[in-house]
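Shown next: model-v2.cif, given as mmCIF, C-alpha atoms.
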```cif
data_protein
#
loop_
_atom_site.label_atom_id
_atom_site.label_comp_id
_atom_site.auth_asym_id
_atom_site.auth_seq_id
_atom_site.Cartn_x
_atom_site.Cartn_y
_atom_site.Cartn_z
CA MET O 107 137.47 87.56 102.65
CA ARG O 108 138.20 84.76 100.22
CA SER O 109 141.52 84.34 98.46
CA SER O 110 139.90 83.98 95.04
CA ALA O 111 137.16 85.63 93.03
CA SER O 112 134.61 82.86 93.41
CA ILE O 113 131.30 84.51 94.32
CA MET O 114 129.18 85.38 91.30
CA HIS O 115 126.23 87.74 91.30
CA LEU O 116 123.96 87.33 88.28
CA ASP O 117 121.24 89.80 87.41
CA LEU O 118 118.93 89.33 84.43
CA ASP O 119 118.69 92.62 82.54
CA ALA O 120 115.32 94.43 82.76
CA PHE O 121 113.85 90.98 83.32
CA PHE O 122 110.07 91.36 83.00
CA ALA O 123 110.37 93.85 80.14
CA SER O 124 112.94 91.67 78.37
CA VAL O 125 110.62 88.65 78.50
CA GLU O 126 107.88 90.80 76.96
CA GLN O 127 110.17 92.03 74.19
CA ARG O 128 111.28 88.45 73.55
CA ASP O 129 107.70 87.23 73.20
CA LYS O 130 106.35 90.27 71.34
CA PRO O 131 108.49 91.00 68.26
CA SER O 132 106.80 94.34 67.58
CA LEU O 133 108.09 95.63 70.95
CA ARG O 134 111.76 94.83 70.39
CA GLY O 135 113.79 98.01 70.53
CA ARG O 136 110.83 99.98 71.89
CA PRO O 137 110.28 101.28 75.43
CA VAL O 138 108.31 98.73 77.45
CA ILE O 139 106.98 99.25 80.98
CA VAL O 140 105.59 96.34 82.99
CA GLY O 141 103.53 96.68 86.15
CA GLY O 142 100.23 98.05 87.38
CA ILE O 143 98.53 99.90 84.55
CA GLY O 144 95.71 101.47 86.57
CA PRO O 145 95.70 104.91 88.21
CA ARG O 146 97.27 103.50 91.40
CA GLY O 147 99.72 101.28 89.54
CA VAL O 148 103.45 100.98 90.15
CA VAL O 149 106.17 100.14 87.63
CA ALA O 150 107.65 96.67 88.16
CA THR O 151 110.28 96.82 85.39
CA ALA O 152 111.17 99.24 82.62
CA SER O 153 113.16 98.32 79.53
CA TYR O 154 116.38 100.19 78.89
CA GLU O 155 114.65 102.09 76.10
CA ALA O 156 112.26 103.45 78.75
CA ARG O 157 114.95 104.09 81.34
CA VAL O 158 116.62 106.72 79.17
CA HIS O 159 113.44 108.76 79.75
CA GLY O 160 113.85 108.50 83.53
CA VAL O 161 111.43 105.62 84.12
CA ARG O 162 112.48 103.21 86.85
CA SER O 163 111.02 100.39 88.90
CA ALA O 164 108.72 101.30 91.82
CA MET O 165 107.83 104.61 90.13
CA ARG O 166 104.13 105.36 89.98
CA THR O 167 102.73 104.40 86.60
CA ALA O 168 101.13 107.83 86.19
CA GLU O 169 104.57 109.46 86.39
CA ALA O 170 106.00 106.87 84.01
CA ARG O 171 103.28 107.70 81.48
CA ALA O 172 104.14 111.39 81.75
CA ARG O 173 107.85 110.71 81.23
CA CYS O 174 107.46 108.17 78.43
CA PRO O 175 103.96 108.39 76.90
CA HIS O 176 104.96 106.45 73.79
CA ALA O 177 105.96 103.34 75.76
CA ALA O 178 104.03 100.06 75.73
CA PHE O 179 102.44 99.68 79.19
CA LEU O 180 101.78 96.02 79.95
CA GLY O 181 100.09 94.32 82.89
CA GLY O 182 102.53 91.43 83.00
CA ARG O 183 102.55 87.62 82.74
CA PHE O 184 103.94 86.20 85.94
CA ASP O 185 103.94 82.56 84.85
CA ALA O 186 106.12 83.44 81.86
CA TYR O 187 108.58 85.17 84.16
CA ARG O 188 108.64 82.27 86.60
CA GLU O 189 109.34 79.80 83.79
CA ALA O 190 112.25 81.87 82.46
CA SER O 191 113.58 82.22 86.02
CA ARG O 192 113.35 78.47 86.56
CA LEU O 193 115.50 77.81 83.49
CA VAL O 194 118.11 80.27 84.72
CA MET O 195 118.21 78.97 88.29
CA ASP O 196 118.44 75.37 87.08
CA ARG O 197 121.47 76.32 84.97
CA LEU O 198 123.09 78.00 87.96
CA ARG O 199 122.46 74.95 90.15
CA ALA O 200 124.23 72.85 87.52
CA GLU O 201 127.29 75.03 88.09
CA SER O 202 127.28 74.96 91.90
CA GLU O 203 125.36 73.43 94.78
CA LEU O 204 125.46 76.79 96.58
CA ILE O 205 123.05 79.19 94.90
CA GLU O 206 121.18 81.89 96.80
CA PRO O 207 118.27 83.30 94.77
CA LEU O 208 117.43 86.87 95.76
CA SER O 209 114.44 87.23 93.46
CA LEU O 210 113.22 85.80 90.17
CA ASP O 211 115.95 87.62 88.25
CA GLU O 212 118.87 87.73 90.65
CA ALA O 213 121.09 85.25 92.50
CA PHE O 214 124.42 84.74 94.20
CA VAL O 215 126.42 81.65 93.27
CA ASP O 216 129.44 80.27 95.14
CA LEU O 217 131.46 78.96 92.20
CA SER O 218 134.00 77.35 94.53
CA ALA O 219 131.33 74.82 95.54
CA GLY O 220 131.37 73.46 91.99
CA ALA O 221 133.10 70.14 91.55
CA GLU O 222 135.50 71.32 88.86
CA PHE O 223 135.98 75.00 89.74
CA ASP O 224 139.32 76.48 88.73
CA PRO O 225 139.92 80.06 89.94
CA ASP O 226 141.99 80.74 86.84
CA GLU O 227 139.04 79.98 84.57
CA VAL O 228 136.42 82.25 86.12
CA GLU O 229 135.88 84.30 82.98
CA GLU O 230 135.41 81.15 80.88
CA VAL O 231 132.88 79.79 83.38
CA VAL O 232 130.93 83.06 83.38
CA ALA O 233 130.94 83.21 79.58
CA ALA O 234 129.57 79.66 79.39
CA VAL O 235 126.83 80.40 81.94
CA ARG O 236 125.71 83.57 80.15
CA SER O 237 125.74 81.85 76.76
CA ASP O 238 123.68 78.93 78.08
CA ILE O 239 121.17 81.30 79.69
CA ALA O 240 120.69 83.14 76.40
CA ASP O 241 120.14 79.81 74.60
CA LEU O 242 117.79 78.39 77.23
CA THR O 243 115.63 81.50 77.58
CA GLY O 244 115.43 82.57 73.96
CA GLY O 245 117.88 85.45 74.13
CA LEU O 246 117.60 86.95 77.63
CA THR O 247 120.82 88.63 78.77
CA ALA O 248 122.45 88.78 82.17
CA SER O 249 124.93 91.10 83.84
CA VAL O 250 127.47 89.35 86.05
CA GLY O 251 129.92 90.39 88.73
CA VAL O 252 132.47 88.08 90.31
CA ALA O 253 134.47 88.86 93.43
CA SER O 254 135.67 87.46 96.72
CA SER O 255 132.59 88.72 98.59
CA LYS O 256 128.88 89.14 98.01
CA LEU O 257 129.12 92.91 98.40
CA MET O 258 131.77 93.30 95.72
CA ALA O 259 130.12 90.77 93.40
CA LYS O 260 126.86 92.72 93.58
CA ILE O 261 128.59 96.03 92.90
CA ALA O 262 130.66 94.50 90.10
CA SER O 263 127.52 93.26 88.33
CA GLU O 264 126.39 96.89 87.97
CA ILE O 265 129.62 98.18 86.42
CA ASN O 266 129.12 96.94 82.84
CA LYS O 267 125.33 96.65 82.91
CA PRO O 268 123.46 95.71 80.76
CA ASN O 269 124.78 92.45 79.32
CA GLY O 270 128.27 92.83 80.76
CA VAL O 271 130.78 91.18 83.08
CA PHE O 272 133.23 92.55 85.64
CA VAL O 273 135.62 90.45 87.72
CA VAL O 274 137.15 92.01 90.85
CA GLN O 275 140.47 90.36 91.51
CA PRO O 276 141.22 89.71 95.21
CA GLY O 277 143.26 92.53 96.70
CA THR O 278 141.86 95.16 94.32
CA GLU O 279 138.55 95.73 96.14
CA ALA O 280 139.59 99.03 97.72
CA ALA O 281 140.93 100.36 94.43
CA VAL O 282 137.73 99.42 92.60
CA LEU O 283 135.45 100.91 95.24
CA GLY O 284 137.37 104.07 96.07
CA PRO O 285 136.53 106.27 93.03
CA MET O 286 132.86 105.27 93.02
CA GLN O 287 130.17 107.60 94.27
CA ALA O 288 129.05 106.74 97.79
CA THR O 289 125.63 105.93 96.31
CA ALA O 290 127.16 102.77 94.82
CA LEU O 291 127.00 101.21 98.28
CA PRO O 292 123.74 99.56 99.36
CA GLY O 293 121.79 101.83 101.67
CA VAL O 294 123.09 105.15 100.38
CA GLY O 295 119.89 106.57 98.95
CA PRO O 296 119.09 110.23 98.29
CA ALA O 297 118.58 111.16 101.96
CA THR O 298 121.77 109.48 103.18
CA ALA O 299 123.74 110.83 100.20
CA GLU O 300 122.63 114.36 101.09
CA ARG O 301 123.74 113.92 104.71
CA LEU O 302 127.12 112.71 103.52
CA ARG O 303 127.44 115.52 100.97
CA ARG O 304 126.91 118.12 103.67
CA VAL O 305 130.03 116.90 105.44
CA GLY O 306 132.05 116.63 102.25
CA ILE O 307 131.68 112.90 101.58
CA LEU O 308 130.99 112.20 97.91
CA THR O 309 132.95 109.05 97.06
CA VAL O 310 133.61 105.75 98.78
CA GLU O 311 137.18 106.92 99.34
CA ASP O 312 135.81 109.95 101.19
CA LEU O 313 133.66 107.62 103.28
CA ARG O 314 136.76 105.89 104.63
CA ALA O 315 138.05 109.02 106.34
CA PRO O 316 135.56 109.28 109.26
CA SER O 317 135.79 106.79 112.09
CA GLU O 318 133.00 104.34 112.78
CA VAL O 319 131.98 106.43 115.78
CA GLU O 320 131.67 109.54 113.59
CA LEU O 321 129.57 107.72 111.00
CA VAL O 322 127.28 106.32 113.70
CA ARG O 323 126.85 109.84 115.06
CA LEU O 324 126.01 111.11 111.57
CA LEU O 325 123.84 108.28 110.24
CA GLY O 326 122.71 106.21 113.20
CA GLN O 327 123.88 102.90 114.62
CA ALA O 328 122.85 100.52 111.85
CA SER O 329 123.77 102.65 108.83
CA GLY O 330 126.95 104.06 110.34
CA ARG O 331 128.43 100.68 111.23
CA SER O 332 127.28 99.10 107.98
CA LEU O 333 128.76 101.81 105.74
CA HIS O 334 132.02 101.85 107.69
CA ARG O 335 132.46 98.16 106.86
CA MET O 336 131.22 98.34 103.28
CA ALA O 337 133.48 101.27 102.38
CA ARG O 338 136.37 98.94 103.16
CA ALA O 339 134.83 96.00 101.26
CA ASP O 340 134.51 94.18 104.57
CA ASP O 341 131.97 91.46 103.92
CA ASP O 342 132.32 87.83 105.00
CA ARG O 343 128.74 86.70 104.44
CA PRO O 344 128.54 83.23 102.86
CA VAL O 345 126.29 82.24 99.99
CA VAL O 346 123.38 80.43 101.63
CA ALA O 347 121.45 77.89 99.60
CA SER O 348 117.72 78.21 100.15
CA ARG O 349 114.72 76.22 99.06
CA GLU O 350 111.29 77.73 98.74
CA THR O 351 108.59 76.29 100.90
CA LYS O 352 105.36 75.29 99.24
CA SER O 353 103.82 78.69 98.75
CA VAL O 354 102.64 81.24 96.23
CA SER O 355 104.64 84.44 96.28
CA VAL O 356 105.61 87.53 94.32
CA GLU O 357 108.62 89.75 94.92
CA ASP O 358 110.41 92.67 93.28
CA THR O 359 113.92 94.04 93.58
CA PHE O 360 113.98 97.82 93.24
CA GLU O 361 116.57 99.80 91.31
CA GLN O 362 116.69 102.27 94.19
CA ASP O 363 115.94 101.68 97.85
CA ILE O 364 112.42 102.80 98.82
CA SER O 365 111.59 104.29 102.22
CA ASP O 366 108.24 105.87 101.31
CA ARG O 367 105.72 103.81 103.29
CA LEU O 368 102.76 104.78 101.09
CA GLN O 369 104.67 103.72 97.99
CA LEU O 370 105.56 100.38 99.58
CA GLU O 371 101.94 99.85 100.60
CA SER O 372 100.88 100.47 97.00
CA ILE O 373 103.39 97.85 95.85
CA ILE O 374 102.03 95.43 98.46
CA GLU O 375 98.50 95.90 97.12
CA ARG O 376 99.63 95.09 93.59
CA MET O 377 101.51 92.01 94.82
CA ALA O 378 98.51 90.84 96.85
CA ARG O 379 96.34 91.02 93.73
CA SER O 380 98.95 88.99 91.85
CA VAL O 381 99.12 86.31 94.56
CA SER O 382 95.33 86.23 94.81
CA GLY O 383 95.01 85.72 91.07
CA ARG O 384 97.46 82.83 91.07
CA LEU O 385 95.77 81.19 94.06
CA ARG O 386 92.37 81.39 92.37
CA LYS O 387 93.72 80.13 89.08
CA ASN O 388 94.98 76.99 90.84
CA GLY O 389 91.96 76.58 93.12
CA LEU O 390 94.02 77.23 96.25
CA SER O 391 93.90 79.38 99.36
CA GLY O 392 96.30 79.89 102.24
CA ARG O 393 96.37 80.78 105.91
CA THR O 394 99.86 82.23 106.42
CA VAL O 395 100.73 85.58 104.84
CA THR O 396 104.44 86.40 104.69
CA LEU O 397 106.08 89.73 103.94
CA LYS O 398 109.69 89.51 102.77
CA MET O 399 111.88 92.62 103.11
CA ARG O 400 115.50 93.05 102.09
CA HIS O 401 117.08 96.15 103.60
CA HIS O 402 119.72 98.44 102.16
CA ASP O 403 122.54 96.37 103.70
CA PHE O 404 121.15 93.10 102.21
CA GLU O 405 119.82 92.00 105.59
CA THR O 406 116.60 90.13 104.90
CA HIS O 407 113.65 89.96 107.27
CA THR O 408 110.44 87.98 106.92
CA ARG O 409 107.31 88.68 108.92
CA SER O 410 104.36 86.29 108.93
CA SER O 411 100.81 86.27 110.18
CA THR O 412 98.52 83.25 110.26
CA LEU O 413 94.85 83.86 109.56
CA PRO O 414 92.01 81.98 111.29
CA ASN O 415 90.93 80.45 107.97
CA PRO O 416 92.42 80.00 104.49
CA THR O 417 91.70 82.77 101.98
CA ASP O 418 92.44 83.83 98.41
CA ASN O 419 90.98 87.30 98.89
CA ALA O 420 93.30 90.05 97.64
CA ARG O 421 91.93 92.61 100.08
CA ILE O 422 92.60 90.39 103.08
CA LEU O 423 96.08 89.48 101.85
CA ALA O 424 96.95 93.15 101.24
CA ALA O 425 95.62 94.30 104.62
CA THR O 426 97.56 91.56 106.42
CA ALA O 427 100.80 92.33 104.57
CA ARG O 428 100.43 96.06 105.18
CA GLY O 429 100.02 95.30 108.88
CA LEU O 430 103.30 93.37 108.81
CA LEU O 431 105.04 96.30 107.15
CA ALA O 432 103.71 98.67 109.82
CA GLY O 433 105.95 97.11 112.44
CA GLU O 434 109.14 97.37 110.38
CA ASP O 435 111.73 100.15 110.46
CA ILE O 436 112.11 101.20 106.82
CA SER O 437 113.79 104.54 107.40
CA ASN O 438 116.90 103.42 105.50
CA GLY O 439 114.88 101.96 102.65
CA LEU O 440 114.06 98.53 101.25
CA ARG O 441 115.68 97.12 98.14
CA LEU O 442 113.34 94.12 97.82
CA LEU O 443 109.77 93.45 98.85
CA GLY O 444 107.76 90.28 98.52
CA VAL O 445 104.33 88.97 99.49
CA GLY O 446 103.64 85.27 99.82
CA VAL O 447 101.00 82.86 101.07
CA SER O 448 101.69 79.41 102.52
CA GLY O 449 99.73 76.86 104.49
CA LEU O 450 97.92 76.13 101.25
CA ALA O 451 94.55 74.41 101.05
CA ASP O 452 92.18 73.60 98.22
CA TRP O 453 89.21 75.31 99.88
CA VAL O 454 88.33 78.81 101.04
CA GLN O 455 86.53 79.89 104.20
CA ASP O 456 84.27 82.82 103.38
CA ASP O 457 85.45 86.03 105.00
CA LEU O 458 82.79 86.83 107.56
CA PHE O 459 83.89 90.45 107.72
CA ALA O 460 83.93 91.21 103.99
CA SER O 461 81.29 93.62 102.78
CA GLU O 462 78.96 92.43 100.09
CA ASP O 463 80.05 95.18 97.71
CA ASP O 464 83.79 94.55 98.15
CA ASP O 465 85.10 94.50 94.60
CA GLU O 466 87.93 92.16 95.60
CA VAL O 467 85.49 89.37 96.43
CA GLU O 468 84.33 87.47 93.38
CA GLU O 469 81.09 85.53 93.60
CA VAL O 470 81.08 82.21 91.80
CA GLU O 471 78.31 82.23 89.23
CA VAL O 472 77.44 79.97 86.36
CA GLU O 473 77.82 82.08 83.25
CA GLU O 474 76.41 81.05 79.93
CA ASP O 475 79.49 82.57 78.26
CA PRO O 476 82.73 82.33 80.28
CA ARG O 477 84.39 85.04 78.15
CA ARG O 478 82.34 87.60 80.06
CA ASP O 479 84.57 86.96 83.09
CA ILE O 480 87.87 87.46 81.26
CA ARG O 481 89.65 90.64 82.17
CA TRP O 482 91.42 91.76 79.00
CA TYR O 483 94.46 93.90 79.75
CA PRO O 484 97.49 95.01 77.70
CA GLY O 485 100.13 92.31 77.34
CA MET O 486 97.82 89.40 78.17
CA ASP O 487 98.25 86.23 76.09
CA ILE O 488 95.33 85.50 73.85
CA HIS O 489 94.20 82.85 71.35
CA HIS O 490 91.80 83.15 68.43
CA GLU O 491 90.43 80.10 66.68
CA SER O 492 91.22 81.51 63.24
CA HIS O 493 94.11 83.92 63.77
CA GLY O 494 96.07 81.91 66.33
CA ASP O 495 98.13 83.25 69.22
CA GLY O 496 98.70 86.89 70.09
CA TRP O 497 98.47 89.44 72.87
CA VAL O 498 96.11 92.16 73.98
CA TRP O 499 97.09 95.55 72.63
CA GLY O 500 94.21 97.37 74.30
CA SER O 501 90.59 97.00 75.36
CA GLY O 502 87.51 99.01 76.26
CA LEU O 503 83.90 99.73 75.29
CA GLY O 504 83.23 96.07 74.71
CA ARG O 505 86.14 95.68 72.28
CA VAL O 506 89.57 94.09 72.55
CA THR O 507 92.41 94.81 70.12
CA VAL O 508 94.91 92.01 69.54
CA ARG O 509 98.28 91.86 67.82
CA PHE O 510 98.82 88.35 66.48
CA GLU O 511 102.47 87.43 66.94
CA THR O 512 104.64 85.23 69.15
CA ARG O 513 108.32 85.02 70.00
CA TRP O 514 108.78 82.70 67.01
CA THR O 515 107.11 84.92 64.40
CA PRO O 516 107.75 88.30 62.80
CA PRO O 517 105.73 91.32 63.99
CA GLY O 518 102.10 90.46 63.29
CA PRO O 519 98.85 92.08 62.22
CA VAL O 520 96.40 93.86 64.52
CA HIS O 521 92.68 93.05 64.68
CA THR O 522 89.83 94.23 66.91
CA PHE O 523 87.04 91.98 68.20
CA ARG O 524 84.06 92.14 70.49
CA THR O 525 85.03 90.96 73.96
CA ASP O 526 82.39 88.23 73.75
CA ASP O 527 83.62 86.93 70.38
CA PRO O 528 83.17 83.12 70.69
CA ALA O 529 86.44 82.50 68.81
CA LEU O 530 88.48 84.52 71.30
CA GLY O 531 89.93 83.24 74.57
CA ALA O 532 92.80 83.62 77.00
CA GLY O 533 96.14 82.19 75.96
CA HIS O 534 98.01 79.37 77.64
CA THR O 535 100.46 81.49 79.67
CA GLY O 536 99.29 82.49 83.15
CA THR O 537 99.12 86.11 84.15
CA PHE O 538 99.11 88.29 87.21
CA GLU O 539 96.61 91.04 87.54
CA PRO O 540 97.90 94.54 86.84
#
```
Once more with this new file: its structure as structure tokens, please.
Amino acid sequence: MRSSASIMHLDLDAFFASVEQRDKPSLRGRPVIVGGIGPRGVVATASYEARVHGVRSAMRTAEARARCPHAAFLGGRFDAYREASRLVMDRLRAESELIEPLSLDEAFVDLSAGAEFDPDEVEEVVAAVRSDIADLTGGLTASVGVASSKLMAKIASEINKPNGVFVVQPGTEAAVLGPMQATALPGVGPATAERLRRVGILTVEDLRAPSEVELVRLLGQASGRSLHRMARADDDRPVVASRETKSVSVEDTFEQDISDRLQLESIIERMARSVSGRLRKNGLSGRTVTLKMRHHDFETHTRSSTLPNPTDNARILAATARGLLAGEDISNGLRLLGVGVSGLADWVQDDLFASEDDDEVEEVEVEEDPRRDIRWYPGMDIHHESHGDGWVWGSGLGRVTVRFETRWTPPGPVHTFRTDDPALGAGHTGTFEP
């Protein structure tokens, strides 16, 4: 373990929902839920106003609607999230050459790799980073933990969340961890917590009493050994700088580890639709499908499969990614899941096995009015020749309702139009399909 608190974990607060509240003034202070809005949809992110009603990421949208029916349910705008993430990651790279992104909204940073790092000025450095992020992103907030290890930095970032900071001074790790519930450790989900409770283990301090052999007997080899180390803040993993390969990918970090295979498959389907939409928007296809999985103990696995021909078909991408998940042991839960496509090409080989009525396969037709192909969904950016920029409030029965406002305006008026109104079109920000 390091002799100074130099590893920072930064987590953007309720990231997707916060971007939506930033860009939609009428939603500020209101519950906002971003993700799949259809009957099989899954919540990607819930604002803190929605979380007080029990809504959380990876929950089925139907359950979220039952818990918080007055929330704004939005399909999401992935390009907007990627742009905000890019600004944040660029700022972190200016602070240190060792930055390990975990997802769009989360990263580890080794501050000691910075040219002018002074261990005595950690709090000043963190304050400057958080202030710059708020300025660069138009007000997004971040929760930060700093410690001598990645494990403690991650846990510290949760202590004063949202929009807070906690620094764990070296030598105090055991004291900080001890009083916490055992569920504070990665990998202690409901099932593991119940096993521990049955033998009288409720806190991290309690978890230190059994030997490693006893924990392995109770929880299995991987979990038992991992929790024995983590309970003692034993973590020497370095921050590993990584660069993305040329690919199109989507990933989510869950608030709670997920071990339900059907739920994970539903999330994969939503991600595959998102990746497919982005590929088609850019006229690309890919041959290699990659499934990224981060387990409860932060161990990250990637599984890939290369197709015979490039594709942008959401059904094929989803089926391939589900097949990759099938070979993975998820009994202890996943905390992050991602679907990506690489081996990009600017052409698509028709899928010889796709049925003609497959609703995921879109035939290219010359339409007299291109607006007929626009899928209007809540949250989508929109532009009207007379009213300007806004976003879709709702649609159906050949009508689309739009609230005209942007992040730079006050809450705006609401108007309803026919979906084929010649003055109406999609806005400039890219989207992913809900």
Output as JSON lines one row per residue of segment 394-455 of chain O within 12 Å of segment 164-186 of chain O: the closest atom pair and its distance in Å to one decimal place, counting only C-alpha atoms, sorted by chain and residue number ascending.
```
{"residue": "O:Leu440", "atom": "CA", "partner": "O:Ala164", "partner_atom": "CA", "distance": 11.2}
{"residue": "O:Arg441", "atom": "CA", "partner": "O:Ala164", "partner_atom": "CA", "distance": 10.3}
{"residue": "O:Leu442", "atom": "CA", "partner": "O:Ala164", "partner_atom": "CA", "distance": 10.4}
{"residue": "O:Leu443", "atom": "CA", "partner": "O:Ala164", "partner_atom": "CA", "distance": 10.6}
```
Dump as a tab-separated table (two decimals), keeping the file's coordinate frame, selection limited to C-alpha atoms:
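What landed in part.tsv:
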```
chain	number	residue	atom	x	y	z
O	440	LEU	CA	114.06	98.53	101.25
O	441	ARG	CA	115.68	97.12	98.14
O	442	LEU	CA	113.34	94.12	97.82
O	443	LEU	CA	109.77	93.45	98.85
```
(Q) So that I can see what lies close to segment 298-313 of chain O, please list as an MDAnalysis selection string the residues with an atom at most 6 Å from it, counting all atoms listed in the file and leaving out residues fewer than 2 positions away in the same chain. (A) chainID O and resid 284 286:288 294:296 315 337
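Comparing the minimum interatomic distances between Gly142 of chain O and each of O:Thr412, O:Ser372, O:Ser353, O:Gln127, counting all atoms listed in the file, we find that O:Ser372 sits nearest.
Rounded to one decimal, atom CA of Gly449 of chain O and atom CA of Glu371 of chain O lie 23.4 Å from each other.
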List, as an mmCIF file with C-alpha atoms, keeping the file's coordinate frame, every residue that the PyMOL selection byres ((chain O and resi 219) around 12) selects in the file provided.
```cif
data_model
loop_
_atom_site.group_PDB
_atom_site.id
_atom_site.type_symbol
_atom_site.label_atom_id
_atom_site.label_comp_id
_atom_site.auth_asym_id
_atom_site.auth_seq_id
_atom_site.Cartn_x
_atom_site.Cartn_y
_atom_site.Cartn_z
ATOM 1 C CA SER O 112 134.610 82.860 93.410
ATOM 2 C CA ILE O 113 131.300 84.510 94.320
ATOM 3 C CA MET O 114 129.180 85.380 91.300
ATOM 4 C CA LEU O 198 123.090 78.000 87.960
ATOM 5 C CA ARG O 199 122.460 74.950 90.150
ATOM 6 C CA ALA O 200 124.230 72.850 87.520
ATOM 7 C CA GLU O 201 127.290 75.030 88.090
ATOM 8 C CA SER O 202 127.280 74.960 91.900
ATOM 9 C CA GLU O 203 125.360 73.430 94.780
ATOM 10 C CA LEU O 204 125.460 76.790 96.580
ATOM 11 C CA ILE O 205 123.050 79.190 94.900
ATOM 12 C CA VAL O 215 126.420 81.650 93.270
ATOM 13 C CA ASP O 216 129.440 80.270 95.140
ATOM 14 C CA LEU O 217 131.460 78.960 92.200
ATOM 15 C CA SER O 218 134.000 77.350 94.530
ATOM 16 C CA GLY O 220 131.370 73.460 91.990
ATOM 17 C CA ALA O 221 133.100 70.140 91.550
ATOM 18 C CA GLU O 222 135.500 71.320 88.860
ATOM 19 C CA PHE O 223 135.980 75.000 89.740
ATOM 20 C CA ASP O 224 139.320 76.480 88.730
ATOM 21 C CA PRO O 225 139.920 80.060 89.940
ATOM 22 C CA PRO O 344 128.540 83.230 102.860
ATOM 23 C CA VAL O 345 126.290 82.240 99.990
ATOM 24 C CA VAL O 346 123.380 80.430 101.630
ATOM 25 C CA ALA O 347 121.450 77.890 99.600
#
```
Q: For the file shown, report as a PyMOL selection string the outcome of the PyMOL selection byres ((chain O and resi 519-532) around 6) at residue level.
A: chain O and resi 477+488-491+504-510+518+533
Q: Could you pull out every residue with an atom within 10 Å of (127.6, 99.4, 104.2), file coordinates, counting only C-alpha atoms, and send them as a ChimeraX atom specification?
A: /O:257,288,290-294,328-341,402-404
Selection dump of the PyMOL selection byres ((chain O and resi 421-425) around 8), as a PDB file with C-alpha atoms, in the coordinates of the input:
```pdb
ATOM      1  CA  ILE O 374     102.030  95.430  98.460  1.00  0.00           C
ATOM      2  CA  GLU O 375      98.500  95.900  97.120  1.00  0.00           C
ATOM      3  CA  MET O 377     101.510  92.010  94.820  1.00  0.00           C
ATOM      4  CA  ALA O 378      98.510  90.840  96.850  1.00  0.00           C
ATOM      5  CA  ARG O 379      96.340  91.020  93.730  1.00  0.00           C
ATOM      6  CA  SER O 382      95.330  86.230  94.810  1.00  0.00           C
ATOM      7  CA  VAL O 395     100.730  85.580 104.840  1.00  0.00           C
ATOM      8  CA  THR O 417      91.700  82.770 101.980  1.00  0.00           C
ATOM      9  CA  ASP O 418      92.440  83.830  98.410  1.00  0.00           C
ATOM     10  CA  ASN O 419      90.980  87.300  98.890  1.00  0.00           C
ATOM     11  CA  ALA O 420      93.300  90.050  97.640  1.00  0.00           C
ATOM     12  CA  THR O 426      97.560  91.560 106.420  1.00  0.00           C
ATOM     13  CA  ALA O 427     100.800  92.330 104.570  1.00  0.00           C
ATOM     14  CA  ARG O 428     100.430  96.060 105.180  1.00  0.00           C
ATOM     15  CA  GLY O 429     100.020  95.300 108.880  1.00  0.00           C
ATOM     16  CA  GLU O 466      87.930  92.160  95.600  1.00  0.00           C
TER      17      GLU O 466
END
```
(Q) List as number ranges by chain the protein and nucleic acid residues near Gly433 of chain O, meaning an atom at most 12 Å away when only C-alpha atoms are counted, but skip any in the same chain fewer than 2 places from it. (A) O: 367, 397, 399, 407-410, 426-431, 435-437
Using C-alpha atoms, can you export the residues from the last selection as a CSV table (one decimal), keeping the file's coordinate frame?
```
chain,number,residue,atom,x,y,z
O,367,ARG,CA,105.7,103.8,103.3
O,397,LEU,CA,106.1,89.7,103.9
O,399,MET,CA,111.9,92.6,103.1
O,407,HIS,CA,113.6,90.0,107.3
O,408,THR,CA,110.4,88.0,106.9
O,409,ARG,CA,107.3,88.7,108.9
O,410,SER,CA,104.4,86.3,108.9
O,426,THR,CA,97.6,91.6,106.4
O,427,ALA,CA,100.8,92.3,104.6
O,428,ARG,CA,100.4,96.1,105.2
O,429,GLY,CA,100.0,95.3,108.9
O,430,LEU,CA,103.3,93.4,108.8
O,431,LEU,CA,105.0,96.3,107.2
O,435,ASP,CA,111.7,100.2,110.5
O,436,ILE,CA,112.1,101.2,106.8
O,437,SER,CA,113.8,104.5,107.4
```
Q) When distances are computed from all atoms listed in the file, which of O:Arg343, O:His159, O:Arg236, O:Arg513 shows the smallest separation from Arg197 of chain O? A) O:Arg236
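Using only C-alpha atoms, the nearest neighbour of Glu206 of chain O within the list O:Val356, O:Ile143, O:Ala234, O:Leu116 is O:Leu116.
Atom pair atom CA of Ala120 of chain O / atom CA of Ser163 of chain O: separated by 9.6 Å.
Separating atom CA of Ser501 of chain O from atom CA of Ser355 of chain O is a distance of 28.2 Å.
Residues with any atom within 12 Å of the point (93.2, 77.1, 96.7), counting all atoms listed in the file, are Ser353, Val354, Val381, Ser382, Gly383, Arg384, Leu385, Arg386, Lys387, Asn388, Gly389, Leu390, Ser391, Gly392, Arg393, Asn415, Pro416, Thr417, Asp418, Asn419, Val447, Ser448, Gly449, Leu450, Ala451, Asp452, Trp453, Val454 and Gln455 of chain O.
When only C-alpha atoms are used to compute distances to Val232 of chain O, the closest of the residues O:Val252, O:Ala152, O:Phe214, O:Leu325 turns out to be O:Val252.
Closest approach to Lys256 of chain O among O:Glu357, O:Glu279, O:Val140, O:Ser191: O:Glu279, based on all atoms listed in the file.
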